[in-house]
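**Q** This is my_file_18.cif, which holds mmCIF, C-alpha atoms:
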```
data_protein
loop_
_atom_site.group_PDB
_atom_site.id
_atom_site.type_symbol
_atom_site.label_atom_id
_atom_site.label_comp_id
_atom_site.auth_asym_id
_atom_site.auth_seq_id
_atom_site.Cartn_x
_atom_site.Cartn_y
_atom_site.Cartn_z
ATOM 1 C CA HIS A 20 12.009 57.492 26.500
ATOM 2 C CA PHE A 21 14.428 54.753 25.491
ATOM 3 C CA TYR A 22 13.758 52.676 28.629
ATOM 4 C CA LYS A 23 10.021 53.190 28.313
ATOM 5 C CA ARG A 24 10.035 51.989 24.703
ATOM 6 C CA LEU A 25 12.297 49.068 25.640
ATOM 7 C CA THR A 26 9.907 48.050 28.428
ATOM 8 C CA MET A 27 6.923 48.215 26.066
ATOM 9 C CA PHE A 28 8.819 46.125 23.501
ATOM 10 C CA ILE A 29 9.699 43.427 26.061
ATOM 11 C CA LYS A 30 6.092 43.238 27.318
ATOM 12 C CA HIS A 31 4.830 42.932 23.728
ATOM 13 C CA TYR A 32 7.443 40.275 22.950
ATOM 14 C CA LEU A 33 6.473 38.224 26.026
ATOM 15 C CA ARG A 34 2.774 38.456 25.131
ATOM 16 C CA THR A 35 3.615 37.247 21.597
ATOM 17 C CA ILE A 36 5.570 34.261 22.926
ATOM 18 C CA LYS A 37 2.738 33.331 25.300
ATOM 19 C CA THR A 38 0.161 33.555 22.504
ATOM 20 C CA SER A 39 2.349 31.457 20.214
ATOM 21 C CA GLN A 40 2.755 28.813 22.923
ATOM 22 C CA VAL A 41 -1.012 28.623 23.427
ATOM 23 C CA LEU A 42 -1.551 28.249 19.688
ATOM 24 C CA MET A 43 1.126 25.574 19.467
ATOM 25 C CA ASN A 44 -0.410 23.687 22.385
ATOM 26 C CA ASN A 45 -3.856 23.862 20.804
ATOM 27 C CA ARG A 46 -2.510 22.644 17.484
ATOM 28 C CA SER A 47 -0.528 19.809 19.013
ATOM 29 C CA ALA A 48 -3.688 18.596 20.749
ATOM 30 C CA LEU A 49 -5.218 18.061 17.313
ATOM 31 C CA ILE A 50 -2.305 16.040 15.940
ATOM 32 C CA HIS A 51 -1.395 12.665 17.365
ATOM 33 C CA THR A 52 2.322 12.492 18.104
ATOM 34 C CA GLY A 53 2.564 8.924 19.363
ATOM 35 C CA LYS A 54 4.633 6.207 17.746
ATOM 36 C CA LYS A 55 2.999 3.673 15.459
ATOM 37 C CA SER A 56 2.973 0.005 16.347
ATOM 38 C CA SER A 57 4.262 -2.733 14.080
ATOM 39 C CA ILE A 58 1.854 -4.212 11.548
ATOM 40 C CA GLU A 59 2.027 -7.567 13.301
ATOM 41 C CA ALA A 60 1.123 -5.991 16.637
ATOM 42 C CA THR A 61 -1.835 -4.203 15.044
ATOM 43 C CA LYS A 62 -2.971 -7.422 13.375
ATOM 44 C CA LYS A 63 -2.892 -9.177 16.733
ATOM 45 C CA MET A 64 -4.961 -6.405 18.306
ATOM 46 C CA LEU A 65 -7.538 -6.406 15.494
ATOM 47 C CA ASN A 66 -7.856 -10.182 15.464
ATOM 48 C CA ASP A 67 -9.295 -10.009 18.981
ATOM 49 C CA TYR A 68 -12.488 -8.577 17.481
ATOM 50 C CA LYS A 69 -14.044 -11.410 15.512
ATOM 51 C CA GLY A 70 -16.968 -11.471 13.097
ATOM 52 C CA GLY A 71 -17.543 -12.164 9.414
ATOM 53 C CA SER A 72 -14.814 -12.669 6.852
ATOM 54 C CA VAL A 73 -13.285 -11.169 3.731
ATOM 55 C CA ASP A 74 -13.166 -13.880 1.086
ATOM 56 C CA LEU A 75 -10.877 -13.887 -1.946
ATOM 57 C CA ILE A 76 -12.027 -15.747 -5.045
ATOM 58 C CA LYS A 77 -9.487 -15.954 -7.892
ATOM 59 C CA GLN A 78 -10.795 -17.199 -11.238
ATOM 60 C CA ASP A 79 -9.210 -18.683 -14.341
ATOM 61 C CA ASN A 80 -10.320 -15.700 -16.451
ATOM 62 C CA GLY A 81 -7.977 -13.428 -14.480
ATOM 63 C CA ILE A 82 -10.788 -11.749 -12.526
ATOM 64 C CA ALA A 83 -10.804 -11.986 -8.738
ATOM 65 C CA HIS A 84 -13.625 -11.134 -6.346
ATOM 66 C CA LEU A 85 -12.867 -9.596 -2.949
ATOM 67 C CA VAL A 86 -16.035 -10.313 -0.970
ATOM 68 C CA LEU A 87 -17.070 -8.675 2.309
ATOM 69 C CA ASN A 88 -19.022 -11.384 4.091
ATOM 70 C CA HIS A 89 -20.734 -10.157 7.256
ATOM 71 C CA PRO A 90 -24.404 -9.871 6.234
ATOM 72 C CA GLU A 91 -25.833 -9.800 9.764
ATOM 73 C CA ARG A 92 -23.888 -6.546 10.295
ATOM 74 C CA ARG A 93 -24.570 -5.138 6.818
ATOM 75 C CA ASN A 94 -21.056 -6.260 5.823
ATOM 76 C CA ALA A 95 -19.456 -3.884 8.301
ATOM 77 C CA LEU A 96 -15.792 -4.691 8.872
ATOM 78 C CA SER A 97 -14.862 -6.301 12.165
ATOM 79 C CA GLY A 98 -11.268 -6.239 13.347
ATOM 80 C CA SER A 99 -10.594 -9.731 12.022
ATOM 81 C CA MET A 100 -12.099 -8.766 8.653
ATOM 82 C CA MET A 101 -9.627 -5.906 8.391
ATOM 83 C CA VAL A 102 -6.823 -8.443 8.844
ATOM 84 C CA ASP A 103 -8.486 -10.720 6.256
ATOM 85 C CA MET A 104 -8.554 -7.842 3.788
ATOM 86 C CA ALA A 105 -4.891 -6.998 4.338
ATOM 87 C CA ASP A 106 -3.909 -10.646 3.807
ATOM 88 C CA ALA A 107 -6.057 -10.882 0.662
ATOM 89 C CA VAL A 108 -4.486 -7.739 -0.818
ATOM 90 C CA GLU A 109 -1.006 -9.158 -0.164
ATOM 91 C CA GLU A 110 -2.035 -12.341 -1.986
ATOM 92 C CA LEU A 111 -3.338 -10.314 -4.933
ATOM 93 C CA GLU A 112 -0.030 -8.439 -5.135
ATOM 94 C CA LYS A 113 1.606 -11.802 -5.920
ATOM 95 C CA TRP A 114 -1.072 -12.996 -8.377
ATOM 96 C CA GLU A 115 0.741 -12.679 -11.709
ATOM 97 C CA GLU A 116 -2.132 -14.152 -13.765
ATOM 98 C CA GLY A 117 -4.641 -11.548 -12.570
ATOM 99 C CA VAL A 118 -5.949 -8.610 -14.586
ATOM 100 C CA GLY A 119 -9.126 -7.522 -12.802
ATOM 101 C CA LEU A 120 -10.751 -7.258 -9.385
ATOM 102 C CA VAL A 121 -14.372 -6.884 -8.257
ATOM 103 C CA VAL A 122 -14.764 -5.571 -4.702
ATOM 104 C CA ARG A 123 -18.271 -6.301 -3.398
ATOM 105 C CA GLY A 124 -20.498 -7.494 -0.606
ATOM 106 C CA ALA A 125 -21.567 -11.106 -0.188
ATOM 107 C CA GLY A 126 -23.930 -12.263 -2.938
ATOM 108 C CA ASP A 127 -27.214 -12.458 -1.044
ATOM 109 C CA SER A 128 -26.697 -9.436 1.179
ATOM 110 C CA ARG A 129 -27.443 -6.815 -1.505
ATOM 111 C CA ILE A 130 -25.284 -4.348 0.388
ATOM 112 C CA PHE A 131 -21.644 -3.439 -0.038
ATOM 113 C CA CYS A 132 -20.375 -2.186 3.327
ATOM 114 C CA ALA A 133 -21.645 -0.199 6.304
ATOM 115 C CA GLY A 134 -18.140 0.838 7.383
ATOM 116 C CA GLY A 135 -16.465 -0.404 10.535
ATOM 117 C CA ASP A 136 -18.414 -2.800 12.742
ATOM 118 C CA LEU A 137 -19.364 -0.790 15.821
ATOM 119 C CA LYS A 138 -19.001 -3.882 17.994
ATOM 120 C CA SER A 139 -15.301 -3.789 17.135
ATOM 121 C CA VAL A 140 -14.784 -0.061 16.779
ATOM 122 C CA GLU A 141 -16.330 0.818 20.135
ATOM 123 C CA LYS A 142 -13.882 -1.509 21.886
ATOM 124 C CA ILE A 143 -10.846 0.056 20.215
ATOM 125 C CA THR A 144 -10.362 3.014 22.523
ATOM 126 C CA GLY A 145 -7.598 5.536 23.050
ATOM 127 C CA ARG A 146 -5.584 7.570 20.601
ATOM 128 C CA ASP A 147 -2.781 5.042 20.218
ATOM 129 C CA ALA A 148 -5.131 2.214 19.256
ATOM 130 C CA SER A 149 -7.196 4.381 16.892
ATOM 131 C CA PHE A 150 -3.979 5.667 15.312
ATOM 132 C CA ASP A 151 -2.746 2.108 14.707
ATOM 133 C CA LEU A 152 -6.125 1.132 13.241
ATOM 134 C CA SER A 153 -6.030 4.108 10.878
ATOM 135 C CA ILE A 154 -2.447 3.388 9.801
ATOM 136 C CA PHE A 155 -3.334 -0.256 9.154
ATOM 137 C CA MET A 156 -6.426 0.491 7.028
ATOM 138 C CA ASN A 157 -4.691 3.366 5.220
ATOM 139 C CA GLN A 158 -1.924 1.008 4.165
ATOM 140 C CA THR A 159 -4.356 -1.760 3.196
ATOM 141 C CA THR A 160 -6.594 0.453 1.067
ATOM 142 C CA GLU A 161 -3.564 2.170 -0.493
ATOM 143 C CA LYS A 162 -2.154 -1.217 -1.516
ATOM 144 C CA LEU A 163 -5.574 -2.189 -2.837
ATOM 145 C CA SER A 164 -5.751 0.924 -5.003
ATOM 146 C CA LYS A 165 -2.247 0.286 -6.389
ATOM 147 C CA LEU A 166 -2.689 -3.350 -7.344
ATOM 148 C CA PRO A 167 -1.703 -4.017 -10.997
ATOM 149 C CA LEU A 168 -5.328 -5.050 -11.581
ATOM 150 C CA VAL A 169 -8.150 -3.017 -13.094
ATOM 151 C CA SER A 170 -10.613 -2.829 -10.213
ATOM 152 C CA VAL A 171 -14.280 -1.993 -9.751
ATOM 153 C CA CYS A 172 -16.367 -1.559 -6.609
ATOM 154 C CA LEU A 173 -19.964 -2.754 -6.743
ATOM 155 C CA VAL A 174 -21.967 -0.293 -4.649
ATOM 156 C CA GLU A 175 -25.172 -1.852 -3.342
ATOM 157 C CA GLY A 176 -27.490 -0.528 -0.661
ATOM 158 C CA MET A 177 -26.737 2.400 1.646
ATOM 159 C CA VAL A 178 -22.949 2.556 1.873
ATOM 160 C CA VAL A 179 -21.653 4.776 4.665
ATOM 161 C CA GLY A 180 -18.518 5.747 6.584
ATOM 162 C CA GLY A 181 -15.635 3.352 6.028
ATOM 163 C CA GLY A 182 -17.655 1.679 3.275
ATOM 164 C CA ALA A 183 -17.655 4.974 1.385
ATOM 165 C CA GLU A 184 -13.892 5.126 1.834
ATOM 166 C CA LEU A 185 -13.444 1.598 0.486
ATOM 167 C CA ALA A 186 -15.460 2.566 -2.587
ATOM 168 C CA THR A 187 -12.767 5.126 -3.458
ATOM 169 C CA ALA A 188 -10.006 2.495 -3.464
ATOM 170 C CA THR A 189 -10.931 0.998 -6.852
ATOM 171 C CA ASP A 190 -10.472 2.327 -10.383
ATOM 172 C CA PHE A 191 -14.201 2.276 -11.173
ATOM 173 C CA ARG A 192 -17.472 2.317 -9.252
ATOM 174 C CA LEU A 193 -20.751 0.722 -10.328
ATOM 175 C CA VAL A 194 -23.994 1.360 -8.466
ATOM 176 C CA THR A 195 -27.259 -0.569 -8.372
ATOM 177 C CA PRO A 196 -30.611 1.300 -8.563
ATOM 178 C CA GLY A 197 -31.540 3.044 -5.310
ATOM 179 C CA SER A 198 -28.077 2.617 -3.803
ATOM 180 C CA SER A 199 -25.934 5.459 -2.489
ATOM 181 C CA VAL A 200 -22.694 6.437 -0.766
ATOM 182 C CA THR A 201 -22.494 8.815 2.194
ATOM 183 C CA PHE A 202 -19.409 10.048 4.018
ATOM 184 C CA VAL A 203 -21.104 10.372 7.432
ATOM 185 C CA HIS A 204 -17.921 10.977 9.400
ATOM 186 C CA ALA A 205 -18.535 14.664 10.230
ATOM 187 C CA LYS A 206 -21.918 13.869 11.776
ATOM 188 C CA MET A 207 -20.206 11.274 13.949
ATOM 189 C CA GLY A 208 -17.603 13.780 15.150
ATOM 190 C CA VAL A 209 -14.695 12.154 13.309
ATOM 191 C CA ALA A 210 -12.875 12.326 9.974
ATOM 192 C CA PRO A 211 -12.161 9.575 7.427
ATOM 193 C CA ALA A 212 -9.510 7.166 8.715
ATOM 194 C CA TRP A 213 -9.006 4.686 5.870
ATOM 195 C CA GLY A 214 -7.481 6.935 3.190
ATOM 196 C CA GLY A 215 -10.827 7.981 1.721
ATOM 197 C CA THR A 216 -10.160 11.717 1.860
ATOM 198 C CA ARG A 217 -7.058 11.601 -0.354
ATOM 199 C CA ARG A 218 -8.752 9.420 -2.930
ATOM 200 C CA LEU A 219 -11.991 11.426 -2.893
ATOM 201 C CA VAL A 220 -9.993 14.575 -3.692
ATOM 202 C CA LYS A 221 -8.442 12.766 -6.696
ATOM 203 C CA LEU A 222 -11.872 11.704 -7.897
ATOM 204 C CA VAL A 223 -13.910 14.902 -7.562
ATOM 205 C CA GLY A 224 -11.448 17.704 -6.761
ATOM 206 C CA GLN A 225 -10.566 19.439 -3.501
ATOM 207 C CA ASN A 226 -13.532 21.824 -3.259
ATOM 208 C CA LYS A 227 -16.178 19.222 -4.075
ATOM 209 C CA ALA A 228 -14.540 16.697 -1.735
ATOM 210 C CA LEU A 229 -14.610 19.208 1.125
ATOM 211 C CA GLU A 230 -18.264 19.961 0.429
ATOM 212 C CA ILE A 231 -19.150 16.251 0.423
ATOM 213 C CA LEU A 232 -17.267 15.592 3.662
ATOM 214 C CA LEU A 233 -18.688 18.562 5.572
ATOM 215 C CA SER A 234 -22.289 18.209 4.382
ATOM 216 C CA CYS A 235 -22.491 14.400 4.692
ATOM 217 C CA GLN A 236 -24.656 14.525 1.592
ATOM 218 C CA LYS A 237 -25.935 11.314 0.062
ATOM 219 C CA ILE A 238 -24.374 10.516 -3.319
ATOM 220 C CA ASP A 239 -26.812 8.642 -5.538
ATOM 221 C CA PHE A 240 -26.141 7.617 -9.134
ATOM 222 C CA GLU A 241 -27.322 10.890 -10.683
ATOM 223 C CA LYS A 242 -25.233 13.074 -8.418
ATOM 224 C CA GLY A 243 -22.304 10.666 -8.392
ATOM 225 C CA SER A 244 -22.110 10.409 -12.171
ATOM 226 C CA ASN A 245 -22.273 14.203 -12.530
ATOM 227 C CA ILE A 246 -19.260 14.751 -10.268
ATOM 228 C CA GLY A 247 -17.208 11.811 -11.555
ATOM 229 C CA PHE A 248 -17.678 9.496 -8.582
ATOM 230 C CA PHE A 249 -19.789 6.796 -10.229
ATOM 231 C CA ASP A 250 -18.949 5.327 -13.631
ATOM 232 C CA ASP A 251 -22.131 3.428 -14.479
ATOM 233 C CA THR A 252 -25.261 1.847 -13.096
ATOM 234 C CA VAL A 253 -26.076 -1.874 -12.949
ATOM 235 C CA GLU A 254 -29.631 -3.094 -13.393
ATOM 236 C CA ASP A 255 -28.840 -6.790 -13.704
ATOM 237 C CA GLU A 256 -30.368 -9.527 -11.529
ATOM 238 C CA LYS A 257 -26.821 -10.701 -10.868
ATOM 239 C CA PRO A 258 -24.889 -7.476 -10.188
ATOM 240 C CA SER A 259 -21.626 -9.264 -9.397
ATOM 241 C CA MET A 260 -21.596 -10.917 -12.814
ATOM 242 C CA ALA A 261 -22.462 -7.576 -14.427
ATOM 243 C CA ALA A 262 -19.498 -6.002 -12.623
ATOM 244 C CA GLU A 263 -17.237 -8.744 -13.933
ATOM 245 C CA LYS A 264 -18.554 -8.214 -17.466
ATOM 246 C CA PHE A 265 -17.941 -4.465 -17.063
ATOM 247 C CA LEU A 266 -14.282 -5.185 -16.353
ATOM 248 C CA LEU A 267 -13.865 -7.693 -19.178
ATOM 249 C CA ASN A 268 -15.263 -5.143 -21.624
ATOM 250 C CA LYS A 269 -12.721 -2.583 -20.425
ATOM 251 C CA PHE A 270 -9.742 -4.638 -21.574
ATOM 252 C CA SER A 271 -11.276 -6.870 -24.206
ATOM 253 C CA GLY A 272 -8.610 -7.911 -26.725
ATOM 254 C CA VAL A 273 -5.749 -6.458 -24.648
ATOM 255 C CA ASP A 274 -2.970 -8.812 -23.574
ATOM 256 C CA PRO A 275 -2.867 -9.334 -19.767
ATOM 257 C CA SER A 276 0.741 -8.109 -19.591
ATOM 258 C CA VAL A 277 -0.346 -4.848 -21.217
ATOM 259 C CA VAL A 278 -3.354 -4.479 -18.902
ATOM 260 C CA ARG A 279 -1.108 -4.775 -15.852
ATOM 261 C CA ALA A 280 1.460 -2.407 -17.330
ATOM 262 C CA MET A 281 -1.190 0.215 -18.133
ATOM 263 C CA LYS A 282 -2.499 0.097 -14.563
ATOM 264 C CA ARG A 283 1.030 0.609 -13.230
ATOM 265 C CA MET A 284 1.574 3.489 -15.650
ATOM 266 C CA VAL A 285 -1.533 5.473 -14.687
ATOM 267 C CA LEU A 286 -0.400 5.314 -11.056
ATOM 268 C CA ASN A 287 3.183 6.292 -11.824
ATOM 269 C CA GLN A 288 4.587 9.851 -11.762
ATOM 270 C CA ASP A 289 8.258 9.090 -12.431
ATOM 271 C CA PRO A 290 9.509 9.266 -16.072
ATOM 272 C CA GLU A 291 12.245 6.706 -15.482
ATOM 273 C CA GLN A 292 9.812 4.277 -13.862
ATOM 274 C CA GLU A 293 7.490 4.656 -16.873
ATOM 275 C CA ALA A 294 10.373 3.666 -19.134
ATOM 276 C CA ARG A 295 11.071 0.652 -16.933
ATOM 277 C CA ILE A 296 7.430 -0.454 -17.189
ATOM 278 C CA PHE A 297 7.478 0.060 -20.953
ATOM 279 C CA ALA A 298 10.770 -1.689 -21.776
ATOM 280 C CA PRO A 299 9.687 -5.328 -21.205
ATOM 281 C CA LEU A 300 6.688 -4.820 -23.522
ATOM 282 C CA TRP A 301 8.788 -3.601 -26.465
ATOM 283 C CA GLY A 302 9.457 -6.629 -28.629
ATOM 284 C CA GLY A 303 7.620 -8.823 -26.133
ATOM 285 C CA PRO A 304 5.096 -11.545 -27.053
ATOM 286 C CA ALA A 305 2.096 -9.178 -27.218
ATOM 287 C CA ASN A 306 4.020 -6.646 -29.305
ATOM 288 C CA ARG A 307 5.293 -9.286 -31.738
ATOM 289 C CA ALA A 308 1.816 -10.820 -32.102
ATOM 290 C CA ALA A 309 0.331 -7.408 -32.894
ATOM 291 C CA LEU A 310 3.022 -6.677 -35.508
ATOM 292 C CA GLN A 311 2.373 -9.998 -37.231
ATOM 293 C CA LYS A 312 -1.311 -9.093 -37.612
ATOM 294 C CA ASN A 313 -0.308 -6.003 -39.623
ATOM 295 C CA ILE A 314 -3.004 -3.999 -37.824
ATOM 296 C CA LYS A 315 -4.280 -0.928 -39.700
ATOM 297 C CA HIS A 316 -5.057 2.112 -37.516
ATOM 298 C CA ARG A 317 -7.944 4.158 -38.820
#
```
Kindly transcribe the structure held in the file into structure tokens.
**A**
Amino acid sequence: HFYKRLTMFIKHYLRTIKTSQVLMNNRSALIHTGKKSSIEATKKMLNDYKGGSVDLIKQDNGIAHLVLNHPERRNALSGSMMVDMADAVEELEKWEEGVGLVVRGAGDSRIFCAGGDLKSVEKITGRDASFDLSIFMNQTTEKLSKLPLVSVCLVEGMVVGGGAELATATDFRLVTPGSSVTFVHAKMGVAPAWGGTRRLVKLVGQNKALEILLSCQKIDFEKGSNIGFFDDTVEDEKPSMAAEKFLLNKFSGVDPSVVRAMKRMVLNQDPEQEARIFAPLWGGPANRAALQKNIKHR
């Protein structure tokens, strides 16, 4: 009996190992294990796919406009535009006079972004290249979302795919009448690659985000405002100016140093870092000016 039970145990153990190996192999096939390329190497690869531009306009009032300019492709991002965007975000990180940012499509196009330009995307083949592209755009959009600037995305037209992901990278979202956002990735047999999933979860919650991603449902203003995706609608003849006014109203009367500090604070999770952000403001020019006004809080 002992040998019979031992034999049965060994057979069961071997079957378990084999099953585990199959499961591990299946799982590993779904996770890319390759090494990532350097940012410079990825930039060089992306720059081979030309088309359009991402233009940065910095203004004296502290508001910058990050403009997707590729109207013939519905402002879809080519490879070179992705590099433009990364360079623009790096420049904004160094812009100490800035307080606000409008992310939008080119003025006459009346559309924000149709995602990645298929003329570029279709040429970027293989897991290694797609992995590098995803890493690059994840880092760019993450930096964009963490700029010490209060930011708003102006959603115009039918915004899909990567454009929907970009819309999540700002603090606020404004939408023009009839415009919408759709995460179409599931229908295309892929998943978001530019950091949109993480940010969508923060905006609407895990369950709602999963529903939106799996259903590819169109998010118009009514639906978007109900779930916390859209903040307001714009019915102005000059939407870009309305978006700028929206930002200025958000921090009207607030010193630029305080605006930048507040943005850093809402992104921060570390108590010590919060104290480090706070310390330069205490007794600083804005604080002293406010004390001299003898402001009454009612």
**Q** Which residues match the PyMOL selection byres ((chain A and resi 75) around 6) in the file above, as a list in words?
**A**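 With the shown file as input, the PyMOL selection byres ((chain A and resi 75) around 6) matches Asp74, Ile76, His84 and Leu85 of chain A.
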**Q** Take the residues from that selection and write them out as an mmCIF file, keeping the file's coordinate frame, keeping C-alpha atoms.
**A**
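Wrote again_31.cif, looks like this:
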```
data_model
loop_
_atom_site.group_PDB
_atom_site.id
_atom_site.type_symbol
_atom_site.label_atom_id
_atom_site.label_comp_id
_atom_site.auth_asym_id
_atom_site.auth_seq_id
_atom_site.Cartn_x
_atom_site.Cartn_y
_atom_site.Cartn_z
ATOM 1 C CA ASP A 74 -13.166 -13.880 1.086
ATOM 2 C CA ILE A 76 -12.027 -15.747 -5.045
ATOM 3 C CA HIS A 84 -13.625 -11.134 -6.346
ATOM 4 C CA LEU A 85 -12.867 -9.596 -2.949
#
```
**Q** Would you compute the distance between atom CA of A:Leu233 and atom CA of A:Val209? Give it in Å to one decimal.
**A**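 Result for atom CA of A:Leu233 versus atom CA of A:Val209: 10.8 Å, one decimal.
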**Q** Hey, what comes out of the PyMOL selection byres ((chain A and resi 54) around 10) on this file? Could you write it as a PDB file with C-alpha atoms, in the frame of the given file?
**A**
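Contents of result-v8.pdb, as written:
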```pdb
ATOM      1  CA  HIS A  51      -1.395  12.665  17.365  1.00  0.00           C
ATOM      2  CA  THR A  52       2.322  12.492  18.104  1.00  0.00           C
ATOM      3  CA  GLY A  53       2.564   8.924  19.363  1.00  0.00           C
ATOM      4  CA  LYS A  55       2.999   3.673  15.459  1.00  0.00           C
ATOM      5  CA  SER A  56       2.973   0.005  16.347  1.00  0.00           C
ATOM      6  CA  SER A  57       4.262  -2.733  14.080  1.00  0.00           C
ATOM      7  CA  ASP A 147      -2.781   5.042  20.218  1.00  0.00           C
ATOM      8  CA  PHE A 150      -3.979   5.667  15.312  1.00  0.00           C
ATOM      9  CA  ASP A 151      -2.746   2.108  14.707  1.00  0.00           C
TER      10      ASP A 151
END
```
**Q** So which residues get picked by the PyMOL selection byres ((chain A and resi 168) around 7) here, written as a list in words?
**A**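 Selection result, ordered by chain and number: Gly117, Val118, Gly119, Leu120, Leu166, Pro167, Val169, Ser170, Arg279 and Lys282 of chain A.
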**Q** Expressed in Å to a single decimal, how great is the separation between atom CA of A:Pro304 and atom CA of A:Glu263?
**A**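 Value for the atom CA of A:Pro304-atom CA of A:Glu263 distance: 26.1 Å.
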**Q** Find, counting all atoms listed in the file, the residue in A:Asn268, A:Gln158, A:Asn313, A:Gln78 that gets nearest to A:Ala212.
**A** A:Gln158
**Q** Tell me, as a list in words, which residues lie within 10 Å of A:Asn306, counting all atoms listed in the file; anything in the same chain fewer than 6 positions away does not count.
**A**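 Using all atoms listed in the file, the neighbours found are Asp274, Val277, Pro299 and Leu300 of chain A.
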**Q** Which of these residues is nearest to A:Ser164, using only C-alpha atoms: A:Val122, A:Met260, A:Leu49, A:Ala95?
**A**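 Smallest separation from A:Ser164 among the options: A:Val122.
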**Q** Can you work out the spacing between atom CA of A:Ser99 and atom CA of A:Ala60 in Å, to one decimal?
**A**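 Between atom CA of A:Ser99 and atom CA of A:Ala60 the gap works out to 13.1 Å.
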